Amino acid sequence: MKYTVALTSISLAAMLITHAGRAEYQQVNLTVFGMDCAPCAHAIRVSMKGISGVNTVDVDLNTGLVGVKLAPGNTAELRQFNQAVEKNGFTHKDAEVVARGKVSGTAAAPVLEVIGTADQYALTPAASATDVAGLVGKTVVVTGVLPQVSKGKVPDTLRYKTIAEAQ
Amino acid sequence: MRFFLVMACAVTLPAIAGAADHGPIFSYATPVNSAREFSFDTGIFGRSGSGGTQLSTGSGLGYGLTPHITLNAFLPATFGSGPLPETRIFPSGEWSAGASWRFLHSVTSVGKRLESTASLAAVVPGPQADSGVLAHLHRAPGVAGTLATGLASRSQYLWAGSGYTRFAEASHDLRPDTLSWSGVYGYRPARLRRGADQWDYRGLAELTGEHTGDVRAQGHLLPGSSTTTLWLGPSILAIYKDVAISGGVQAPLFRDASTALYGQERVRFAINFSYLKYSSHVSSH
């Protein structure tokens with residue numbers, strides 16, 4: 001019995017450590033230009049669902065907003081979301097994201113690393129600066145905006161609105 | 001030799017799709033397939049006049065090579081016969097294969113885009129004989145090109161296009177060159193600008209025109225065989241996710257064609273069904 005409890009505790013601790021160290025996009029909201037009709041929305045949805053880890057995709061034709069929610073532990077990269085838009089002949093503007101990641105770099109130049117992907121962004125405050133100095137080396141949840149960049153590229157800066165240590 | 005060259009083009013190039021996918025049914029328009037998207041079209045296209053009625057069933061296949069280049073092919077079959085003039089803007093008995101290239105694509109706001117598309121296709125006579133004065137001609141392949149430009153938005157659509165087809169000579173016979181043009185305006189009322197999971201409707205007014213040159217038979221031009229016609233009519237397009245159904249009817253606005261040779265063509269109508277198979281492929285890490 002003691003052995004079972006100890007094993008379970010070790011497994012749980014290992015899962016928590018793994019989860020704390022892992023990072024991923026939790027939600028990506030893209031504004032897409034050029035969609036005029038139902039097949040446009042359907043095409044975007046099919047393409048987004050082709051990305052491993054995507055749970056749900058909502059498309060609003062009148063606002064052009066494409067909302068993507070992702071499963072925990074996914075390794076989807078931003079360029080895949082961009083590609084899903086571009087392959088259908090549309091263009092994407094700024095993306096609002098909720099992401100979990102590890103803050104690296106220095107207090108003066110913090111960087112968010114999305115572990116399991118190649119994505120990393122220099123963190124800059126969107127408005128009033130939140131002190132991220134104490135978050136370097138920690139896992140955080142960030143909400144913010146990834147600005148539009150030219151086709152085929154991924155932005156290198158994340159303008160964060162909120163940032164907090166992950167629980 | 002020329003025949004084999006054109007046949008080779010038919011295999012390696014693609015066709016003009018005037019009425020296909022989720023655009024207008026009679027007119028030229030700009031939409032092309034998404035990358036890796038397959039589109040399947042099938043429809044019934046009818047022309048009726050004093051000399052009889054001709055129905056064509058056409059099946060089209062399109063494949064999006066890139067977001068802006070689509071390969072397409074069209075396989076027709078015709079039923080009934082009537083002494084009707086040559087037409088290229090309206091599906092008739094030719095097989096075709098070609099490519100469409102959306103060379104201008106300006107996307108500047110939500111739900112709106114400006115674009116221009118050019119198409120080039122090899123056109124090959126099908127196994128079925130033509131009717132009327134065209135029935136006795138030796139047939140040869142041809143080349144068709146179209147150019148369309150326009151605007152698509154959540155509320156309005158506007159496209160203008162033109163096409164030209166030229167056939168090769170066969171045993172001193174020559175089917176007429178055709179120059180066709182179209183203009184289409186579409187509107188989606190505010191209460192029909194609905195969600196992506198609901199049926200999407202739009203109404204269109206389609207104006208099409210066509211000029212066909214003289215028919216040459218055994219080296220001689222057939223007097224009075226040239227025609228010019230102008231057609232106008234409404235069409236409706238209904239789309240649900242990956243399925244589109246469209247239908248329309250047109251009546252002649254202007255007609256300069258020999259009644260003795262071609263009878264009096266009174267109405268054109270079409271129903272088209274499209275299935276759009278989108279690709280979920282997105283490159284992985």
# chains A, B, ... in the order shown; residues from 1 in each chain; ligands from 1
>>> interface_residues(of="chain A", to="chain B", cutoff="9 Å", atoms="only C-alpha atoms", output="MDAnalysis selection string")
chainID A and resid 31:52 58:65 75:77 80:81 83:84 86:91 117:118
>>> residues_around(residues="Ser246 of chain B", least_positions_apart="6", cutoff="12 Å", atoms="only C-alpha atoms", output="number ranges by chain")
B: 19-26, 41-45, 200-204, 234-240, 269-275
>>> residues_around(residues="segment 137-139 of chain A", least_positions_apart="6", cutoff="6 Å", atoms="only C-alpha atoms", output="number ranges by chain")
A: 101-104, 165-166
>>> select_by_dssp(residues="segment 36-117 of chain A", states="helix (DSSP H, G or I)", output="list in words")
Ala38, Pro39, Cys40, Ala41, His42, Ala43, Ile44, Arg45, Val46, Ser47, Met48, Lys49, Leu78, Arg79, Gln80, Phe81, Asn82, Gln83, Ala84, Val85 and Glu86 of chain A
>>> residues_around(residues="segment 143-146 of chain A", least_positions_apart="6", cutoff="9 Å", atoms="only C-alpha atoms", output="count of residues only")
20
>>> closest_residue(among="B:Pro223, B:Gly51, B:Gly93, B:Pro125", to="Phe167 of chain B", atoms="only C-alpha atoms")
B:Pro125
>>> decode(residues="segment 66-84 of chain A", atoms="N, CA and C atoms", output="mmCIF file, in the first residue's frame")
data_model
loop_
_atom_site.group_PDB
_atom_site.id
_atom_site.type_symbol
_atom_site.label_atom_id
_atom_site.label_comp_id
_atom_site.auth_asym_id
_atom_site.auth_seq_id
_atom_site.Cartn_x
_atom_site.Cartn_y
_atom_site.Cartn_z
ATOM 1 N N VAL A 66 -11.200 34.665 -36.444
ATOM 2 C CA VAL A 66 -11.053 33.211 -36.372
ATOM 3 C C VAL A 66 -10.492 32.880 -34.990
ATOM 4 N N GLY A 67 -11.288 32.208 -34.170
ATOM 5 C CA GLY A 67 -10.868 31.857 -32.816
ATOM 6 C C GLY A 67 -10.513 30.384 -32.733
ATOM 7 N N VAL A 68 -9.291 30.104 -32.302
ATOM 8 C CA VAL A 68 -8.821 28.721 -32.229
ATOM 9 C C VAL A 68 -8.484 28.395 -30.774
ATOM 10 N N LYS A 69 -9.088 27.336 -30.249
ATOM 11 C CA LYS A 69 -8.761 26.869 -28.901
ATOM 12 C C LYS A 69 -7.991 25.558 -29.021
ATOM 13 N N LEU A 70 -6.971 25.438 -28.176
ATOM 14 C CA LEU A 70 -6.083 24.278 -28.312
ATOM 15 C C LEU A 70 -6.064 23.425 -27.062
ATOM 16 N N ALA A 71 -5.762 22.182 -27.272
ATOM 17 C CA ALA A 71 -5.705 21.227 -26.162
ATOM 18 C C ALA A 71 -4.409 21.412 -25.379
ATOM 19 N N PRO A 72 -4.434 21.141 -24.076
ATOM 20 C CA PRO A 72 -3.204 21.224 -23.287
ATOM 21 C C PRO A 72 -2.152 20.268 -23.848
ATOM 22 N N GLY A 73 -0.906 20.700 -23.804
ATOM 23 C CA GLY A 73 0.175 19.830 -24.259
ATOM 24 C C GLY A 73 0.409 19.853 -25.747
ATOM 25 N N ASN A 74 -0.296 20.728 -26.471
ATOM 26 C CA ASN A 74 -0.098 20.759 -27.923
ATOM 27 C C ASN A 74 1.277 21.356 -28.251
ATOM 28 N N THR A 75 1.735 21.094 -29.444
ATOM 29 C CA THR A 75 3.018 21.661 -29.880
ATOM 30 C C THR A 75 2.830 22.478 -31.156
ATOM 31 N N ALA A 76 1.614 22.987 -31.337
ATOM 32 C CA ALA A 76 1.333 23.772 -32.549
ATOM 33 C C ALA A 76 2.179 25.042 -32.562
ATOM 34 N N GLU A 77 2.650 25.400 -33.752
ATOM 35 C CA GLU A 77 3.458 26.607 -33.904
ATOM 36 C C GLU A 77 2.652 27.686 -34.609
ATOM 37 N N LEU A 78 3.036 28.929 -34.380
ATOM 38 C CA LEU A 78 2.289 30.043 -34.971
ATOM 39 C C LEU A 78 2.297 29.996 -36.497
ATOM 40 N N ARG A 79 3.410 29.592 -37.066
ATOM 41 C CA ARG A 79 3.476 29.576 -38.538
ATOM 42 C C ARG A 79 2.448 28.618 -39.135
ATOM 43 N N GLN A 80 2.032 27.613 -38.367
ATOM 44 C CA GLN A 80 1.016 26.694 -38.872
ATOM 45 C C GLN A 80 -0.348 27.385 -38.975
ATOM 46 N N PHE A 81 -0.639 28.246 -37.987
ATOM 47 C CA PHE A 81 -1.902 28.994 -38.059
ATOM 48 C C PHE A 81 -1.865 29.970 -39.238
ATOM 49 N N ASN A 82 -0.719 30.608 -39.404
ATOM 50 C CA ASN A 82 -0.586 31.544 -40.534
ATOM 51 C C ASN A 82 -0.740 30.809 -41.864
ATOM 52 N N GLN A 83 -0.113 29.637 -41.932
ATOM 53 C CA GLN A 83 -0.170 28.857 -43.172
ATOM 54 C C GLN A 83 -1.603 28.422 -43.495
ATOM 55 N N ALA A 84 -2.355 28.086 -42.434
ATOM 56 C CA ALA A 84 -3.747 27.660 -42.643
ATOM 57 C C ALA A 84 -4.580 28.776 -43.266
#
